[in-house]
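S.K.: Okay, handing you the structure first.
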Amino acid sequence: MSGASTPLAPGGEYAAVPDGPDLPAADLADQAADRDAASTGVWHAAGKRMLRDRVGMVTMVVVVLYLLVVAGSWFGWIASDWQAETGVSYASPTFLGKVENLEALGGAADGAAKGPTLDISDVDPLAPRYREWADRTAKTDSGIVHRAETLPFGADKWGRDVLKKAIKGAQVSIFVGLAAALVAVVIGTLLGAVAGYFRGWIDDVFEWFYSIFTSIPYILLILSFAAVFRANPVLAHAGVLTIIAVLGLTGWTSAYRLVRAEYIKHRAREYVRAADAIGASNFSRMFVHILPNASHVILVRLSLDVVAFIKAEVILSFLGLGVPIDMVSWGTMLSEAQSELVIGKWWQLVAAGAGMAVLVTAFSLFTDSLRDALDPKLK
Amino acid sequence: MTNPSRNPRAADGTLLSIQDLHVDFAVGRNKVFHAVKGVSFDVPPNRTIAVVGESGSGKSVTAMAILRLLPDNAKVSGTIRFDGRDLAHEPMSSIKRMRGNDISVIFQEPMTSLNPVFTVGDQIAETLSLHAGLRGQALRQRVVELVDEVGIPDAARAIGRYPHELSGGQQQRVMIAIAIACNPRLLIADEPTTALDVTIQKQILDLVARLKREHAMSVLFITHDLRVVGEFADEVVVMQSGEVRERGTVGEIFGAARHPYTQALLACRPPLEHRPARLPIVADFLSGRVAGAHVLDAVPDRLPRPDGPVVLEVKRLSKSFKVKRGLFGSVEVPAVKEVSFTLRRGRTLGLVGESGSGKTTVGLSVMRLHDASAGEVWFEGRDLMTLSRNELTSMRRRLQIVFQNPYASLNPRFTVGQILLEPMRIHRIEADDAARLRVATTLLKRVGLPESALNKYPHEFSGGQRQRIAIARCLTMKPEVLICDESVSALDVSVQAQVLNLLLDLQDEFGLAYLFISHDLAVVRYISDDVMVMNRGEVVEIADSDTIYRSPQNPYTQRLLASIPRGYEAAKPSLAA
Amino acid sequence: MFAYLLRRTWQIVPTLIGVILLVFFLFNAVGGDPAEQLAGLISNPEQIASIRKELGLDLPAWQQLWIFVTQVATFDFGNSWATNESVAHIFQTRLPATLTIMVPWLVLETALGVVLALAVAAVRGSLTDRAIMIVCTVAVSISFLVYIIVFQWLFAFRLGWFPVQGWSSSTWTNLTLYAPLPVMLAVFVSLAPQLRLYRSFLLDEIGHDYVRTARAKGLSERVVMLKHVLRNAMIPILTNIAIQVPTLFVGSFLLEVFFSIPGLGREIIVAVNRSDFPVIKAATVYLAMLTMVINLLADVLYKAVDPRVTFK
C-alpha cells in the first residue's frame with residue numbers, strides 16, 4: 001500500500017531500489033553507502049547515523065562522563081567521605097575566594113577563642129597549670145580536624161563538602177532513575193507483549209489492571225505507594241530499594257501502552273503471519289520475531305523514563321519521601337538550599353540544580369538523537 | 001511547439017509547455033537526489049496528455065512541480081510556460097492565484113486528501129469563495145450544482161456529509177468537484193484511480209473524460225497503467241528514472257513505439273486475448289534481445305495443462321466477523337459464504353474479486369491463519385479444520401502462502417539467510433545448518449538472486465526481489481500447494497512479469513498447485529487455468545480461463561470484464577470524437 | 001448515544017472496584033499497622049490495642065473491606081487520624097484554594113501553548129525553530145524545585161513584587177495578590193513541554209495529504225494553518241487537556257507547600273508525612289472516580305470535535 005506522498009518524498013518507505021540489472025540506479029545516497037559496506041543491520045546502520053550526528057555524540061560523551069562519576073562514587077573511589085564535616089559552616093566556594101562568612105564565625109568549630117580576653121592569671125588558681133595542659137593537649141591527637149575556610153564548591157550548614165555531596169547525590173539519583181526505569185519498562189514490556197499479542201480475555205484483564213493504575217492521578221498514586229511503603233515495617237528499611245519499588249511499580253503504564261500498541265500492530269503484519277504459516281511457535285513469534293522490531297521503541301521509552309524518574313526522585317527526596325535520611329540526593333540538597341538562598345548561600349542550589357540540569361539535558365538530547373538514528377523516517 | 005500563446009483556447013498554440021525541467025531533493029546533510037532530469041513536453045489545449053512511468057520515474061514529481069506542490073526540500077529549475085508566464089519563476093502569490101483557478105489537481109488517495117473534519121460541501125465552497133467570490137445562497141447553489149455534475153446522488157443532502165461517510169468513488173468525485181469548480185483550463189490528475197476498484201475506476205475515468213469535453217479543459221493524466229492510457233489519452237509521454245524516453249500521439253506509441261523501454265512496458269503486461277508461454281521482461285528489451293511492442297503476438301500460447309489429481313478440496317467454507325451493535329448485542333457480518341472448490345496438482349486456480357469480496361479471507365482461512373466459522377478443507381486425506389495445533393504445524397510444510405506486501409512479509413530484523421533457514425529448522429528439514437545453507441543457496445539462485453544475498457537484510461532489496469525471497473522461503477519446505485495472495489499486485493508491471501514467469505517455471509518444475517488470488521483480471525486470466533469469481537463473499541462463477549473471458553455467464557462477471565480498460569486497439573473508434 | 005453512555009458507565013464499575021481493591025490492599029495489607037505509629041512513643045500495648053479498636057483495625061479483613069466500600073458509597077471516610085477533622089470537610093475547604101491556582105494555570109497554559117506552537121510551526125525547520133526546541137529541552141531538564149526556589153527568592157523576596165507566601169479568605173484577593181506568582185511560575189514551567197507537544201501535533205497534521213489539497217486550492221499559508229491544520233490538531237490538543245483536568249483537583253502540591261496555600265495537594269503531602277491514611281485513601285478513590293467521569297465526558301465531547309467518531 002503506497003501513500004500518496006510516496007512519489008514525492010524519496011526516502012519514504014518504498015525507496016526506489018531498482019529491479020533487474022539493466023535499469024539505472026535511482027538510489028538514495030544512504031542506501032548506496034550501506035550497500036558498499038558490509039551488509040548492515042538496523043543497529044549497525046543506527047550506529048553509523050549516530051556517529052554523524054554531532055549533537056548526539058557530544059551528549060553521549062557527557063552522559064558517559066556522568067556514568068563514570070557514578071561508578072566511581074558507587075565503588076567508593078570518590079566522594080565516599082561526603083559526610084565528613086571538613087569545612088566551616090557555609091564555607092564559600094574556592095573560586096570565589098574568601099567571602100565574609102558570618103555563620104562560620106557564629107559557631108566556630110575549632111573552639112579557638114576570638115577577641116581579647118581578660119588576663120586574670122594572678123588571681124586564677126589554675127593559671128600555672130595552663131601551660132602544662134596546653135603542652136599535653138598539643139601532643140595528644142584530639143581528633144578535631146582543622147576546618148577549611150573554603151571548599152571547591154563550598155560547604156553546607158554542617159560544613160560538608162558540597163561537591164562531594166553533589167557527586168554522591170548524582171550517584172544516588174541516577175541509580176534510582178536507572179533502576180526504577182528498568183523495573184518499570186520490564187514490567188510494562190512483559191504485560192504489554194502478552195496483552196497485545198494474545199488479545200481476547202487476557203487483554204481485557206490487563207486493560208482492566210491498566211485502567212486502575214491510570215484512573216488514579218499519577219502523583220497521588222506515587223504518594224499513596226510512598227505512604228504505604230513507609231509504614232510497612234519491612235519495606236520502610238529497604239533503603240534505596242523502597243523508592244525504586246515505588247517508582248517502578250507505578251511507572252510501568254507508559255511502557256505497557258507503547259509495547260501493547262506495537263505488538264498489536266506487528267501481530268497483524270505479514271511477516272508474523274508468514275512466521276505462523278511456516279509453523280513458528282507463539283513464544284518464538286513474540287520474542288524472536290516481534291521483540292527485535294519493537295526494541296528501538298522500547299529503548300527510547302526507557303531513556304525517557306530514566307529522565308522522568310530522576311526528576312521524580314529529586315522531588316520525592318525533597319519532600320522527605322524518597323531516599324532514607326542517612327543518604328544524600330540532589331533532592332535533599334535542594335531542600336537545604338531553600339533556606340540557604342535567603343542568607344545568600346547559593347552553592348548547594350547551583351551544584352544540585354546545575355548538575356541535574358546538565359545530565360537531564362544531555363540525556364534528553366541523546367535520546368532524541370538515538371530516536372532519530374534508529375528510525376530516521378520519524379523526524 | 002514552444003510558442004507561448006496569449007490565447008490558449010486557439011486550436012494551435014500550447015497551453016502548458018515544460019522545458020528542461022530539473023527537480024532535485026536535498027536528502028540528509030550533503031546528498032542530493034535527482035528526481036527529474038531535464039524533462040520537456042507540451043500540453044496543447046483541449047487534449048489529454050498521459051504521463052506514464054513506473055515507480056521512481058519522476059512522473060508525479062513533474063506534475064507537482066507545475067504548481068509548486070513539492071515538499072520544502074525540493075529545488076526546481078527549468079521553464080514551465082503557462083499563459084505567457086514562466087511558472088517556475090513566478091512569485092508565490094501569483095502561483096496561489098492560479099491554484100484551483102486556472103490549474104487544478106486531483107490526487108491518488110481521496111480519503112486522506114479530503115479534510116476529515118469539514119463537510120464536503122464546505123470544502124467545495126472554499127474554492128468558490130476564494131477564487132470566484134461567491135457567498136451565501138449563490139455559493140450554496142453552485143456547490144449543489146457541482147456535486148450534481150460529478151454524479152453524486154441526492155446532492156442537497158450530500159453536501160452536509162463528511163468525507164468518511166462516503167465511498168472511495170464518491171470521495172474522488174468530490175475531489176473532482178473541488179478541482180473543476182472554477183473552470184480551470186488544465187486539470188492535473190495524479191493517479192486518480194489507482195486506489196479504486198476496477199468498476200469504480202471506469203466510472204471515474206468516464207466522468208473525467210466527460211468533464212474535459214464539457215469544460216473544454218486539458219487533462220494531464222499521471223498513471224502507470226498503459227491500458228487506461230490507451231483508452232483515454234490523446235498524447236503520451238513515457239518517463240523512466242526522471243527522464244522522458246518517448247513522446248508521441250497515442251497512435252504512434254501504441255502502434256509503433258520506438259524506444260525499447262516503451263516497447264517493454266507495452267509488452268510486459270499480460271494480454272487478455274491469449275495466454276503466451278512467457279512474458280518478456282524489461283531487461284530483455286533494454287539489452288536488445290527482444291524488440292518491437294508486438295513481440296507477444298509471436299510468442300506461442302501455453303500448452304493446456306493436463307488434469308492432475310486433486311490435492312486440495314474445500315467444502316462450504318464460511319467465515320463471519322462479529323461486530324458490536326447496540327447496547328449488548330453484536331451482529332455477524334459474513335465475509336465468506338459457503339465457498340467450495342478443488343485444486344489439482346500442477347494447475348492454477350485463480351480467485352478474482354474486488355475489495356470486500358472475501359477472496360483474501362478465503363486464502364487465510366484455508367491456511368488456518370484465520371479460524372473459519374464453518375466448512376471443511378481436505379488436504380492429504382485430512383480435514384485441516386479439525387486438526388490440533390501440533391498436527392497443523394506438520395501440515396504447514398505442505399501448504400504455503402506468499403503475501404501481497406513484499407515490504408511487510410519479511411522480518412526486517414532477520415537476514416535473508418535467517419529467513420530461509422527458519423522454516424527448515426522448525427520442520428527439521430536437512431540434517432544440519434550447513435546442509436540447510438546449501439539448500440537456501442540453491443533456491444536463491446533458482447529465483448534469480450545471488451548467494452551474497454544470504455547476509456543481507458530485506459530493506460536492501462527491491463519489491464520484486466523481496467517477493468522472490470518470499471517465494472524461496474516457501475520452497476524450502478517443498479510444499480504441494482502455494483497460495484499467492486495478491487502476490488504481484490504491489491509490483492511494477494515489468495517486475496510483475498518477472499515474478500509471473502518465475503511462478504510458471506516453478507510450477508512446471510515442482511508440480512505445484514496454485515491458488516492465485518488477485519483483483520487484477522488480466523493477471524489472473526494469464527496465470528490461471530481455471531478462474532473463480534467472487535462477489536460479496538460468494539462464488540458467482542467458476543470456469544476455465546478462456547471460457548470466463550470469452551463468454552462469461554454471470555452478470556457480475558460480465559460487468560467486471562467490461563470495466564477493464566481496453567487499451568488503444570479497442571478504443572480506436574471512440575477517439576475519433 | 002444513550003446506549004453508548006450506558007455502556008460506558010457500566011464499564012466504569014469494574015475499574016472502580018479495582019481501584020477500591022487496590023487502595024484497600026495497599027493501605028490495609030501493605031501499609032502495616034498504623035496504630036503503632038499513631039500511639040507515638042508510648043508503646044503501651046493496651047493503648048495500642050484501644051487505638052486499633054477505635055480505628056476498626058481489629059476486625060477481619062473482609063469486614064474491613066466491607067466497611068471501606070460503604071464508606072466510599074456514602075462519601076464518609078470518617079475523620080483524619082491526626083487532626084480528627086472530618087475528611088469530607090477537609091476536601092470541601094481545601095478544594096477552592098487548589099482550583100484558584102489550577103484553573104487559571106490551565107487556561108493560560110493552553111492558550112499560550114497553542115499560540116506559541118503555531119508560531120514555531122510556521123517557521124519549522126529553520127534555525128529559530130531548532131534553537132527554540134533546544135531551549136525547551138534545557139528548560140525542561142531543570143527541576144521544578146529549582147524554578148520555585150529561584151522565582152520565589154527573586155520575585156518575592158528580593159524584588160518584592162509579590163508576597164512570599166500567604167492566602168486569604170477572599171477569592172478576589174487570592175486571585176489578584178497571592179495567586180499570580182505561583183500561577184506565573186506554573187505556566188512558565190509547563191510551557192516548554194506543552195510547546196513541544198503541541199508543536200509535534202501541528203507538525204503531524206501538516207504532513208497529511210489534505211494540507212496539500214488545501215494548498216492546491218490556492219489558499220494562503222495562514223489560512224491553511226489556522227483553518228485546516230489547527231482544526232485537526234484540536235483533536236489531540238483536547239485529548240491532552242482532558243487528561244490534565246483530573247490533575248487540576250490534586251493541584252500542584254509543591255506550589256502549595258512553598259507558598260503556604262491551604263489546598264488539597266498540601267493536605268495530601270501532610271497526610272503522607274503523618275501516615276494519615278483516611279485522608280490519602282479518600283483522595284485516591286475520589287480522584288479516581290472523578291478521572292473516570294471526566295474521561296467519559298471527554299469521550300462524549302469528542303463527537304463535537306471529530307466527526308469520524310461514532311458511538312457504538
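Convention: chains lettered A, B, ... in C-alpha cells order; per-chain residue numbering from 1; ligands numbered from 1 as shown.
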Excluding range 259-263 of chain C and any residue of its chain fewer than 5 positions from it, enumerate the residues within 6 Å of it, using only C-alpha atoms, and give them as a VMD selection string.

M.R.: chain C and resid 94 to 95 97 to 98 165 to 167

S.K.: Compute the set of chain B residues within 10 Å of chain C, using only C-alpha atoms, and express it as an MDAnalysis selection string.

M.R.: chainID B and resid 64 67:72 92:101 103:119 123:124 126:128 130:131 161:165 175 178:179 323:328

S.K.: Could you jot down the CA of Ser211 in chain A to CA of Ile17 in chain C separation for me, Å, one decimal place?

M.R.: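 So the answer is 11.1 Å.
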
S.K.: Need to verify the contact set: Ser80 in chain C, 8 Å, only C-alpha atoms, exclusion of same-chain residues closer than 3 positions in sequence. Can you return it as a list in words?

M.R.: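 So the residues in contact are Thr83, Asn84, Glu85, Ser86, Val87, Asp276, Phe277, Pro278 and Val279 of chain C.
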
S.K.: How about saving the chosen residues, N, CA and C atoms kept, as an mmCIF file, in the first residue's frame?

M.R.:
```cif
data_model
loop_
_atom_site.group_PDB
_atom_site.id
_atom_site.type_symbol
_atom_site.label_atom_id
_atom_site.label_comp_id
_atom_site.auth_asym_id
_atom_site.auth_seq_id
_atom_site.Cartn_x
_atom_site.Cartn_y
_atom_site.Cartn_z
ATOM 1 N N THR C 83 -5.822 15.068 62.838
ATOM 2 C CA THR C 83 -6.484 16.262 63.359
ATOM 3 C C THR C 83 -7.918 16.005 63.794
ATOM 4 N N ASN C 84 -8.391 14.809 63.501
ATOM 5 C CA ASN C 84 -9.768 14.460 63.843
ATOM 6 C C ASN C 84 -10.812 15.286 63.094
ATOM 7 N N GLU C 85 -10.348 16.008 62.112
ATOM 8 C CA GLU C 85 -11.292 16.772 61.295
ATOM 9 C C GLU C 85 -11.929 15.789 60.316
ATOM 10 N N SER C 86 -13.195 15.986 60.027
ATOM 11 C CA SER C 86 -13.858 15.081 59.098
ATOM 12 C C SER C 86 -13.217 15.189 57.718
ATOM 13 N N VAL C 87 -12.944 14.038 57.101
ATOM 14 C CA VAL C 87 -12.242 14.027 55.822
ATOM 15 C C VAL C 87 -13.034 14.800 54.768
ATOM 16 N N ASP C 276 -1.451 9.600 57.672
ATOM 17 C CA ASP C 276 -2.863 9.813 57.957
ATOM 18 C C ASP C 276 -3.675 9.136 56.863
ATOM 19 N N PHE C 277 -3.887 7.830 57.026
ATOM 20 C CA PHE C 277 -4.449 7.043 55.944
ATOM 21 C C PHE C 277 -5.838 7.466 55.452
ATOM 22 N N PRO C 278 -6.767 7.803 56.327
ATOM 23 C CA PRO C 278 -8.108 8.124 55.810
ATOM 24 C C PRO C 278 -8.065 9.217 54.750
ATOM 25 N N VAL C 279 -7.268 10.227 54.980
ATOM 26 C CA VAL C 279 -7.210 11.329 54.013
ATOM 27 C C VAL C 279 -6.670 10.839 52.670
#
```

S.K.: With 9 Å as the cut-off and only C-alpha atoms counted, what is the closest atom pair between each nearby residue of chain C and chain A? Distances in Å to one decimal, ordered by chain and number, as JSON lines.

M.R.:
```
{"residue": "C:Pro14", "atom": "CA", "partner": "A:Trp208", "partner_atom": "CA", "distance": 7.5}
{"residue": "C:Thr15", "atom": "CA", "partner": "A:Ile212", "partner_atom": "CA", "distance": 5.6}
{"residue": "C:Leu16", "atom": "CA", "partner": "A:Ile212", "partner_atom": "CA", "distance": 7.4}
{"residue": "C:Ile17", "atom": "CA", "partner": "A:Ile212", "partner_atom": "CA", "distance": 8.8}
{"residue": "C:Gly18", "atom": "CA", "partner": "A:Ile212", "partner_atom": "CA", "distance": 5.9}
{"residue": "C:Val19", "atom": "CA", "partner": "A:Ile212", "partner_atom": "CA", "distance": 5.4}
{"residue": "C:Leu22", "atom": "CA", "partner": "A:Ile212", "partner_atom": "CA", "distance": 8.1}
{"residue": "C:Val23", "atom": "CA", "partner": "A:Ser224", "partner_atom": "CA", "distance": 8.4}
{"residue": "C:Leu26", "atom": "CA", "partner": "A:Val228", "partner_atom": "CA", "distance": 6.5}
{"residue": "C:Phe27", "atom": "CA", "partner": "A:Val228", "partner_atom": "CA", "distance": 6.0}
{"residue": "C:Asn28", "atom": "CA", "partner": "A:Val228", "partner_atom": "CA", "distance": 9.0}
{"residue": "C:Ala29", "atom": "CA", "partner": "A:Asn232", "partner_atom": "CA", "distance": 8.9}
{"residue": "C:Val30", "atom": "CA", "partner": "A:Asn232", "partner_atom": "CA", "distance": 6.0}
{"residue": "C:Gly31", "atom": "CA", "partner": "A:Val228", "partner_atom": "CA", "distance": 4.4}
{"residue": "C:Gly32", "atom": "CA", "partner": "A:Asn232", "partner_atom": "CA", "distance": 4.8}
{"residue": "C:Asp33", "atom": "CA", "partner": "A:Ala231", "partner_atom": "CA", "distance": 7.5}
{"residue": "C:Pro34", "atom": "CA", "partner": "A:Ala231", "partner_atom": "CA", "distance": 7.0}
{"residue": "C:Gln37", "atom": "CA", "partner": "A:Ala231", "partner_atom": "CA", "distance": 8.2}
{"residue": "C:Ile134", "atom": "CA", "partner": "A:Leu365", "partner_atom": "CA", "distance": 8.4}
{"residue": "C:Thr137", "atom": "CA", "partner": "A:Thr361", "partner_atom": "CA", "distance": 6.3}
{"residue": "C:Val138", "atom": "CA", "partner": "A:Thr361", "partner_atom": "CA", "distance": 5.3}
{"residue": "C:Ala139", "atom": "CA", "partner": "A:Ala357", "partner_atom": "CA", "distance": 8.4}
{"residue": "C:Val140", "atom": "CA", "partner": "A:Thr361", "partner_atom": "CA", "distance": 7.9}
{"residue": "C:Ser141", "atom": "CA", "partner": "A:Ala357", "partner_atom": "CA", "distance": 5.0}
{"residue": "C:Ile142", "atom": "CA", "partner": "A:Ala357", "partner_atom": "CA", "distance": 4.7}
{"residue": "C:Ser143", "atom": "CA", "partner": "A:Lys311", "partner_atom": "CA", "distance": 6.5}
{"residue": "C:Phe144", "atom": "CA", "partner": "A:Ile315", "partner_atom": "CA", "distance": 8.2}
{"residue": "C:Leu145", "atom": "CA", "partner": "A:Ile315", "partner_atom": "CA", "distance": 7.1}
{"residue": "C:Val146", "atom": "CA", "partner": "A:Gly353", "partner_atom": "CA", "distance": 6.2}
{"residue": "C:Ile149", "atom": "CA", "partner": "A:Gln338", "partner_atom": "CA", "distance": 6.0}
{"residue": "C:Val150", "atom": "CA", "partner": "A:Leu341", "partner_atom": "CA", "distance": 8.4}
{"residue": "C:Trp153", "atom": "CA", "partner": "A:Val342", "partner_atom": "CA", "distance": 7.1}
{"residue": "C:Phe157", "atom": "CA", "partner": "A:Val342", "partner_atom": "CA", "distance": 8.0}
{"residue": "C:His208", "atom": "CA", "partner": "A:Ser5", "partner_atom": "CA", "distance": 8.8}
{"residue": "C:Asp209", "atom": "CA", "partner": "A:Ser5", "partner_atom": "CA", "distance": 7.4}
{"residue": "C:Pro246", "atom": "CA", "partner": "A:Pro217", "partner_atom": "CA", "distance": 6.9}
{"residue": "C:Thr247", "atom": "CA", "partner": "A:Pro217", "partner_atom": "CA", "distance": 6.2}
{"residue": "C:Val250", "atom": "CA", "partner": "A:Leu220", "partner_atom": "CA", "distance": 7.7}
{"residue": "C:Leu254", "atom": "CA", "partner": "A:Ile315", "partner_atom": "CA", "distance": 8.6}
{"residue": "C:Ile268", "atom": "CA", "partner": "A:Leu223", "partner_atom": "CA", "distance": 8.3}
{"residue": "C:Ile269", "atom": "CA", "partner": "A:Leu223", "partner_atom": "CA", "distance": 7.8}
{"residue": "C:Ala271", "atom": "CA", "partner": "A:Ala227", "partner_atom": "CA", "distance": 8.7}
{"residue": "C:Val272", "atom": "CA", "partner": "A:Ala227", "partner_atom": "CA", "distance": 5.2}
{"residue": "C:Asn273", "atom": "CA", "partner": "A:Ala227", "partner_atom": "CA", "distance": 7.3}
{"residue": "C:Arg274", "atom": "CA", "partner": "A:Ala227", "partner_atom": "CA", "distance": 8.8}
{"residue": "C:Ser275", "atom": "CA", "partner": "A:Ala227", "partner_atom": "CA", "distance": 6.3}
{"residue": "C:Asp276", "atom": "CA", "partner": "A:Ala227", "partner_atom": "CA", "distance": 8.8}
{"residue": "C:Phe277", "atom": "CA", "partner": "A:Ala227", "partner_atom": "CA", "distance": 8.3}
{"residue": "C:Ile280", "atom": "CA", "partner": "A:Ser224", "partner_atom": "CA", "distance": 6.7}
{"residue": "C:Lys281", "atom": "CA", "partner": "A:Ser224", "partner_atom": "CA", "distance": 7.9}
{"residue": "C:Ala283", "atom": "CA", "partner": "A:Leu220", "partner_atom": "CA", "distance": 8.0}
{"residue": "C:Thr284", "atom": "CA", "partner": "A:Ile216", "partner_atom": "CA", "distance": 6.3}
{"residue": "C:Val285", "atom": "CA", "partner": "A:Ile216", "partner_atom": "CA", "distance": 7.5}
{"residue": "C:Tyr286", "atom": "CA", "partner": "A:Ile216", "partner_atom": "CA", "distance": 8.8}
{"residue": "C:Leu287", "atom": "CA", "partner": "A:Ile216", "partner_atom": "CA", "distance": 6.4}
{"residue": "C:Ala288", "atom": "CA", "partner": "A:Ile216", "partner_atom": "CA", "distance": 4.5}
{"residue": "C:Met289", "atom": "CA", "partner": "A:Ser215", "partner_atom": "CA", "distance": 7.5}
{"residue": "C:Leu290", "atom": "CA", "partner": "A:Ser215", "partner_atom": "CA", "distance": 8.4}
{"residue": "C:Thr291", "atom": "CA", "partner": "A:Ser215", "partner_atom": "CA", "distance": 5.6}
{"residue": "C:Met292", "atom": "CA", "partner": "A:Ser215", "partner_atom": "CA", "distance": 6.3}
```

S.K.: Take the residues from that selection and write them out as a PDB file, in the first residue's frame, keeping C-alpha atoms.

M.R.:
```
ATOM      1  CA  PRO C  14     -15.095  -2.883  37.205  1.00  0.00           C
ATOM      2  CA  THR C  15     -12.414  -0.199  37.190  1.00  0.00           C
ATOM      3  CA  LEU C  16     -13.882   1.390  40.279  1.00  0.00           C
ATOM      4  CA  ILE C  17     -13.991  -1.956  42.018  1.00  0.00           C
ATOM      5  CA  GLY C  18     -10.380  -2.450  41.013  1.00  0.00           C
ATOM      6  CA  VAL C  19      -9.370   0.901  42.453  1.00  0.00           C
ATOM      7  CA  LEU C  22      -6.037  -1.719  45.153  1.00  0.00           C
ATOM      8  CA  VAL C  23      -6.402   1.024  47.730  1.00  0.00           C
ATOM      9  CA  LEU C  26      -2.227  -1.115  49.753  1.00  0.00           C
ATOM     10  CA  PHE C  27      -3.379   0.598  52.878  1.00  0.00           C
ATOM     11  CA  ASN C  28      -4.775  -2.228  54.917  1.00  0.00           C
ATOM     12  CA  ALA C  29      -2.420  -5.003  53.961  1.00  0.00           C
ATOM     13  CA  VAL C  30       0.872  -3.480  52.882  1.00  0.00           C
ATOM     14  CA  GLY C  31       0.517  -0.370  54.979  1.00  0.00           C
ATOM     15  CA  GLY C  32       1.116  -2.282  58.137  1.00  0.00           C
ATOM     16  CA  ASP C  33      -0.173  -1.360  61.470  1.00  0.00           C
ATOM     17  CA  PRO C  34      -0.545   2.398  61.840  1.00  0.00           C
ATOM     18  CA  GLN C  37       2.880   4.765  64.754  1.00  0.00           C
ATOM     19  CA  ILE C 134      16.901  23.263  22.378  1.00  0.00           C
ATOM     20  CA  THR C 137      14.831  20.854  26.221  1.00  0.00           C
ATOM     21  CA  VAL C 138      17.133  22.677  28.615  1.00  0.00           C
ATOM     22  CA  ALA C 139      14.197  24.343  30.355  1.00  0.00           C
ATOM     23  CA  VAL C 140      12.511  21.000  30.901  1.00  0.00           C
ATOM     24  CA  SER C 141      15.628  19.489  32.408  1.00  0.00           C
ATOM     25  CA  ILE C 142      15.798  21.940  35.297  1.00  0.00           C
ATOM     26  CA  SER C 143      13.890  20.629  38.278  1.00  0.00           C
ATOM     27  CA  PHE C 144      10.628  22.302  39.159  1.00  0.00           C
ATOM     28  CA  LEU C 145      12.095  22.745  42.622  1.00  0.00           C
ATOM     29  CA  VAL C 146      14.871  24.934  41.304  1.00  0.00           C
ATOM     30  CA  ILE C 149      13.140  28.293  44.829  1.00  0.00           C
ATOM     31  CA  VAL C 150      14.655  30.803  42.446  1.00  0.00           C
ATOM     32  CA  TRP C 153      13.543  34.185  46.086  1.00  0.00           C
ATOM     33  CA  PHE C 157      11.989  38.060  48.415  1.00  0.00           C
ATOM     34  CA  HIS C 208      -1.103  14.913   5.903  1.00  0.00           C
ATOM     35  CA  ASP C 209      -2.467  14.864   2.364  1.00  0.00           C
ATOM     36  CA  PRO C 246      -8.206  15.409  36.801  1.00  0.00           C
ATOM     37  CA  THR C 247      -4.843  16.705  37.982  1.00  0.00           C
ATOM     38  CA  VAL C 250      -4.920  17.301  43.051  1.00  0.00           C
ATOM     39  CA  LEU C 254       4.898  21.702  45.552  1.00  0.00           C
ATOM     40  CA  ILE C 268      -2.174  15.206  50.987  1.00  0.00           C
ATOM     41  CA  ILE C 269       1.540  15.746  51.491  1.00  0.00           C
ATOM     42  CA  ALA C 271      -1.186  13.385  55.424  1.00  0.00           C
ATOM     43  CA  VAL C 272       1.513  11.260  53.807  1.00  0.00           C
ATOM     44  CA  ASN C 273       4.103  12.528  56.201  1.00  0.00           C
ATOM     45  CA  ARG C 274       1.841  11.805  59.116  1.00  0.00           C
ATOM     46  CA  SER C 275       0.663   8.439  57.773  1.00  0.00           C
ATOM     47  CA  ASP C 276      -2.863   9.813  57.957  1.00  0.00           C
ATOM     48  CA  PHE C 277      -4.449   7.043  55.944  1.00  0.00           C
ATOM     49  CA  ILE C 280      -4.987   9.621  51.462  1.00  0.00           C
ATOM     50  CA  LYS C 281      -7.448   6.809  50.830  1.00  0.00           C
ATOM     51  CA  ALA C 283      -8.320  11.401  47.988  1.00  0.00           C
ATOM     52  CA  THR C 284      -7.203   8.422  45.910  1.00  0.00           C
ATOM     53  CA  VAL C 285     -10.620   6.863  45.496  1.00  0.00           C
ATOM     54  CA  TYR C 286     -12.498  10.064  44.772  1.00  0.00           C
ATOM     55  CA  LEU C 287      -9.974  11.409  42.355  1.00  0.00           C
ATOM     56  CA  ALA C 288     -10.056   8.089  40.552  1.00  0.00           C
ATOM     57  CA  MET C 289     -13.814   8.325  40.245  1.00  0.00           C
ATOM     58  CA  LEU C 290     -13.524  11.904  39.085  1.00  0.00           C
ATOM     59  CA  THR C 291     -10.999  10.868  36.445  1.00  0.00           C
ATOM     60  CA  MET C 292     -13.311   8.203  35.101  1.00  0.00           C
TER      61      MET C 292
END
```

S.K.: Using only C-alpha atoms, select each residue of chain B with any atom at most 7 Å away from an atom of chain A, and give the selection as a PyMOL selection string.

M.R.: chain B and resi 31+33+56+60-61+70+108-109+241+283+286+393+396-397+400+403+408-411+413+423+426+455-457+461-462+464+495

S.K.: Let's have the selection written as a CSV table (one decimal), in the first residue's frame, with C-alpha atoms.

M.R.:
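As a result, out.csv now contains:
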```csv
chain,number,residue,atom,x,y,z
B,31,LYS,CA,23.3,14.4,-0.5
B,33,PHE,CA,18.5,13.0,-5.2
B,56,GLY,CA,10.6,6.2,-9.3
B,60,SER,CA,4.3,12.7,-10.1
B,61,VAL,CA,7.2,15.0,-9.2
B,70,LEU,CA,6.5,19.8,-3.7
B,108,GLN,CA,-4.5,9.5,-5.7
B,109,GLU,CA,-5.9,8.8,-2.2
B,241,SER,CA,14.2,7.4,-13.9
B,283,ALA,CA,15.7,-6.3,-19.3
B,286,LEU,CA,16.8,-2.9,-22.9
B,393,THR,CA,2.3,-27.5,12.3
B,396,ARG,CA,2.1,-26.3,7.4
B,397,ARG,CA,5.0,-27.6,5.3
B,400,GLN,CA,2.3,-22.3,1.9
B,403,PHE,CA,1.6,-12.5,0.8
B,408,ALA,CA,6.0,-6.4,5.2
B,409,SER,CA,6.2,-10.1,4.7
B,410,LEU,CA,9.9,-10.4,5.6
B,411,ASN,CA,11.1,-9.7,9.1
B,413,ARG,CA,15.5,-7.7,11.5
B,423,PRO,CA,11.3,-22.8,8.3
B,426,ILE,CA,11.3,-25.6,12.6
B,455,ASN,CA,23.9,-12.0,4.6
B,456,LYS,CA,21.8,-9.0,3.6
B,457,TYR,CA,18.7,-7.5,5.1
B,461,PHE,CA,16.3,-5.3,-1.8
B,462,SER,CA,13.6,-4.1,-4.2
B,464,GLY,CA,10.3,-7.7,-6.8
B,495,VAL,CA,8.7,-6.7,-12.2
```

S.K.: Please measure the separation of CA of His274 in chain B and CA of Tyr526 in chain B, giving the value in Å to one decimal.

M.R.: 7.8 Å

S.K.: Can you tell me how far CA of Ala79 in chain A sits from CA of Ala238 in chain A, in Å to one decimal?

M.R.: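 So the answer is 22.6 Å.
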
S.K.: Please return, as a PyMOL selection string, all residues of range 221-301 of chain A that DSSP assigns to alpha helix (DSSP H) on the basis of the backbone.

M.R.: chain A and resi 221-231+240-250+253-267+270-278+282-283+291-301
